[in-house]
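*Asks:* This is the structure I want to talk about, given as structure tokens.
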Amino acid sequence: MHSGRVYLLACGIGLVTGLRSMTGPALVCWAAHLGWLNLEESRLVFMESTLATYGFSALAVGELVADKLPFIPNRTSPGPLFGRVVLGALSGSALCAAAGYSLAVGAILGSVGGVLGAFGGFQARARLVKASGLPDWAIALGEDLVAVGGGLLLVSRFLLS
């Protein structure tokens, strides 16, 4: 797979992680666990494991539920934003590792995507709630679909290469 395409996918999975912090890593784990991504020769081989796959999946499902609760902190607050940056870096570097490219570049691109997804998703959700008059949770469900569907689309590109 061409490096530009891999780097775009790494940034994209970071963007997904910016929307839902655990969705990116969970989808990367599933892709590796199912053999779509080969992480055997990298330091990220642990992401292929059943424990990592089920662990990140449980956290992702929990986040999809918790995101709708009123007491959950804003994703652009320092703590949640830091988590999105780190998990975006992990996810982006795994995609680059699977394609034989630099983990460091993948981490940087995944981090950038995490920041873009966090701030862009926050702004889009706030504006859609205001413009549509729909409750926040309804827009959040749509955002869940974008994150999960977009992430699946990104990791499935490795099947076609």
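Residue names in the structure tokens use chain letters A, B, ... in the order shown, residue numbers from 1 in each chain, and ligand numbers from 1 in the order shown.
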Can you list, as number ranges by chain, every protein, DNA or RNA residue that comes within 10 Å of Ser156 of chain A when you count only C-alpha atoms, leaving out same-chain residues fewer than 4 positions away?

*Replies:* A: 27-28, 31, 36-37, 150-152, 160-161

*Asks:* Enumerate, in order of chain and increasing residue number, the residues of segment 2-26 of chain A with an atom no farther than 8 Å from segment 105-113 of chain A, each with its shortest atom pair and distance in Å to one decimal, counting only C-alpha atoms, as a Markdown table.

*Replies:*
```
| residue | atom | partner | partner_atom | distance |
| --- | --- | --- | --- | --- |
| A:Tyr7 | CA | A:Gly106 | CA | 6.6 |
| A:Ala10 | CA | A:Gly110 | CA | 5.4 |
| A:Cys11 | CA | A:Gly110 | CA | 4.7 |
| A:Gly12 | CA | A:Gly113 | CA | 6.2 |
| A:Ile13 | CA | A:Gly110 | CA | 6.5 |
| A:Gly14 | CA | A:Gly110 | CA | 4.1 |
| A:Leu15 | CA | A:Gly113 | CA | 4.1 |
| A:Val16 | CA | A:Gly113 | CA | 7.7 |
| A:Thr17 | CA | A:Gly113 | CA | 7.7 |
| A:Gly18 | CA | A:Gly113 | CA | 6.8 |
```

*Asks:* Tell me, as a PyMOL selection string, which residues lie within 12 Å of Ala32 of chain A, counting only C-alpha atoms; anything in the same chain fewer than 4 positions away does not count.

*Replies:* chain A and resi 25-28+36-40+42+44-50+52-53+91+94-95+97-99+155-156+158-159

*Asks:* Can you tell me which residues surround Phe119 of chain A at a distance of at most 12 Å, considering only C-alpha atoms, apart from same-chain residues fewer than 4 positions away, and format the answer as a list of chain:residue names?

*Replies:* A:Leu15, A:Val16, A:Thr17, A:Gly18, A:Leu19, A:Arg20, A:Asn74, A:Arg75, A:Thr76, A:Ser77, A:Pro78, A:Pro80, A:Leu81, A:Arg84, A:Val85, A:Val112, A:Gly113, A:Gly114, A:Val115, A:Gln123, A:Ala124, A:Arg125, A:Ala126

*Asks:* By how many Å are atom CA of Lys68 of chain A and atom CA of Trp137 of chain A apart?

*Replies:* 5.5 Å

*Asks:* Among chain A, which ones does DSSP place in alpha helix (DSSP H), written as a VMD selection string?

*Replies:* chain A and resid 3 to 19 23 to 33 50 to 66 78 to 98 103 to 132 136 to 156

*Asks:* Could you jot down the atom CA of Met22 of chain A to atom CA of Leu59 of chain A separation for me, Å, one decimal place?

*Replies:*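 Atom CA of Met22 of chain A sits 6.2 Å away from atom CA of Leu59 of chain A.
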
*Asks:* A:Cys29, A:Leu34, A:Ala89, A:Leu134: which is nearest Ala58 of chain A, counting only C-alpha atoms?

*Replies:* A:Cys29
